[in-house]
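**Q** Would you mind keeping the following structure in view while I ask a few things?
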Amino acid sequence: MKGWPGEPNMEYDVLVGEGAAAAAMGKPIENVIFDFGNVLIYWNPEAAMLPRYSQHTIDEFLDNDISGFYDANDMMDGGATMEEGIAWMRRTHGDKWADMLTYYLANFRDSLTGIVPGARVLLNDLKAAGIGVWGLSNWAAELFHVAEEQCDILPMLDGRLVSGFVHLRKPHKDIYERALQEFGIDAQGSVFVDDKAMNIVGANEAGIRGVRFSDPQKLRALLIAEGVGIPGVQ
């Protein structure tokens, strides 16, 4: 199966507030918390693999059932070292996939292919409207410097929490609660934006409304519809 295992069905570009987050529905939005990968920054692991591997081999590598790639990513996002992730893959899935993971990690910067169109302006517009903008991302601690070096959108955030440094990981409730505490913001006044449905479920468990992201114009329209005073698309 290509992609992260365990993804629930969830519509894109709609505000979701279930369970503990239901009480926040309709309340003013004071803060927007952004995931990084494929929300602010394009992350495409295939792009790092293309110089050395065929499309068929890449497809197998990105199939978690075959290689364990996403399980290894989860481990490293949660605080395991790259060496530990590679050793785990070698032990559980074999040398071929461990060697590919080694190559991928060495060339990780090629997987970051640019800023998501509209993200930079959206952050500026939200800040101008008095809305707090924050970052909460699953990211291996040893690789985060690459994002900082290549993606100048990250310093625009009012603050950020990165999983690999705190040994907590989405979609588990505790990392959202840690983020709220560190940012000094309230769950009911916040919205979390992520491209993965499981992470929206996790945000809801912490009382935070969420949006499964796919389209920057739709996100802008949704925020405006919820009362956020930013310019619309003409």
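Every chain in the structure tokens has a letter given in the order shown (A, B, ...), and although residue numbers restart at 1 in each chain, ligands are simply numbered from 1 in the order shown.
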For the contact check between stretch 127-169 of chain A and stretch 26-40 of chain A, emit one row per residue of stretch 127-169 of chain A within 9 Å, containing the shortest atom pair and the distance in Å rounded to one decimal, counting only C-alpha atoms, chain then rising number order, as CSV.
**A**
```
residue,atom,partner,partner_atom,distance
A:Gly130,CA,A:Glu30,CA,7.8
A:Ile131,CA,A:Glu30,CA,5.2
A:Gly132,CA,A:Asn31,CA,4.4
A:Val133,CA,A:Val32,CA,5.1
A:Trp134,CA,A:Ile33,CA,4.6
A:Gly135,CA,A:Phe34,CA,4.8
A:Leu136,CA,A:Asp35,CA,5.2
A:Ser137,CA,A:Asp35,CA,4.9
A:Asn138,CA,A:Asp35,CA,8.0
A:Trp139,CA,A:Phe36,CA,8.9
A:Ile153,CA,A:Leu40,CA,7.6
A:Leu154,CA,A:Leu40,CA,8.4
A:Arg160,CA,A:Ile33,CA,8.7
```
**Q** Run DSSP on the backbone and tell me which residues of stretch 143-174 of chain A come out as strand (DSSP E or B); list them as a ChimeraX atom specification.
**A** /A:159-162
**Q** Could you state the separation of atom CA of A:Ser214 and atom CA of A:Tyr53 in Å, given to one decimal place?
**A**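 Interatomic distance here is 28.2 Å.
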**Q** When you look at stretch 196-203 of chain A with a cut-off of 6 Å (counting only C-alpha atoms), what residues show up, excluding the ones that are within fewer than 6 positions of it in the same chain? I need them as a PyMOL selection string.
**A** chain A and resi 7+10+170-173+210+212
**Q** With N, CA, C and O atoms kept, could you save the residues just selected as a PDB file, in the first residue's frame?
**A**
```
ATOM      1  N   GLU A   7      -4.797   5.429   7.226  1.00  0.00           N
ATOM      2  CA  GLU A   7      -5.485   6.691   6.946  1.00  0.00           C
ATOM      3  C   GLU A   7      -6.997   6.471   6.886  1.00  0.00           C
ATOM      4  O   GLU A   7      -7.487   5.680   6.078  1.00  0.00           O
ATOM      5  N   MET A  10     -11.738  10.793   4.917  1.00  0.00           N
ATOM      6  CA  MET A  10     -12.096  12.130   5.373  1.00  0.00           C
ATOM      7  C   MET A  10     -12.102  13.060   4.174  1.00  0.00           C
ATOM      8  O   MET A  10     -11.194  13.022   3.339  1.00  0.00           O
ATOM      9  N   LYS A 170       2.491  13.195  15.892  1.00  0.00           N
ATOM     10  CA  LYS A 170       1.100  13.107  15.436  1.00  0.00           C
ATOM     11  C   LYS A 170       0.863  11.697  14.899  1.00  0.00           C
ATOM     12  O   LYS A 170       1.771  11.111  14.325  1.00  0.00           O
ATOM     13  N   PRO A 171      -0.323  11.150  15.050  1.00  0.00           N
ATOM     14  CA  PRO A 171      -1.574  11.774  15.486  1.00  0.00           C
ATOM     15  C   PRO A 171      -1.863  11.650  16.981  1.00  0.00           C
ATOM     16  O   PRO A 171      -3.012  11.814  17.390  1.00  0.00           O
ATOM     17  N   HIS A 172      -0.852  11.392  17.809  1.00  0.00           N
ATOM     18  CA  HIS A 172      -1.106  11.156  19.220  1.00  0.00           C
ATOM     19  C   HIS A 172      -1.458  12.473  19.922  1.00  0.00           C
ATOM     20  O   HIS A 172      -0.832  13.512  19.691  1.00  0.00           O
ATOM     21  N   LYS A 173      -2.434  12.416  20.771  1.00  0.00           N
ATOM     22  CA  LYS A 173      -3.012  13.601  21.412  1.00  0.00           C
ATOM     23  C   LYS A 173      -1.970  14.443  22.149  1.00  0.00           C
ATOM     24  O   LYS A 173      -2.049  15.671  22.175  1.00  0.00           O
ATOM     25  N   GLY A 210     -10.018  20.888  12.776  1.00  0.00           N
ATOM     26  CA  GLY A 210      -9.007  20.621  11.771  1.00  0.00           C
ATOM     27  C   GLY A 210      -9.540  20.689  10.360  1.00  0.00           C
ATOM     28  O   GLY A 210     -10.743  20.555  10.117  1.00  0.00           O
ATOM     29  N   ARG A 212      -8.435  18.993   6.579  1.00  0.00           N
ATOM     30  CA  ARG A 212      -7.562  18.167   5.746  1.00  0.00           C
ATOM     31  C   ARG A 212      -7.274  18.932   4.458  1.00  0.00           C
ATOM     32  O   ARG A 212      -8.161  19.146   3.635  1.00  0.00           O
TER      33      ARG A 212
END
```
**Q** Which residues are close to A:Trp43, i.e. within 9 Å by only C-alpha atoms, leaving aside same-chain residues fewer than 2 positions away? Reply as a PyMOL selection string.
**A** chain A and resi 36-38+41+45+47+110-114
**Q** Could you pull out the alpha helix (DSSP H) residues of chain A from DSSP and send them as a count of residues only?
**A** 100
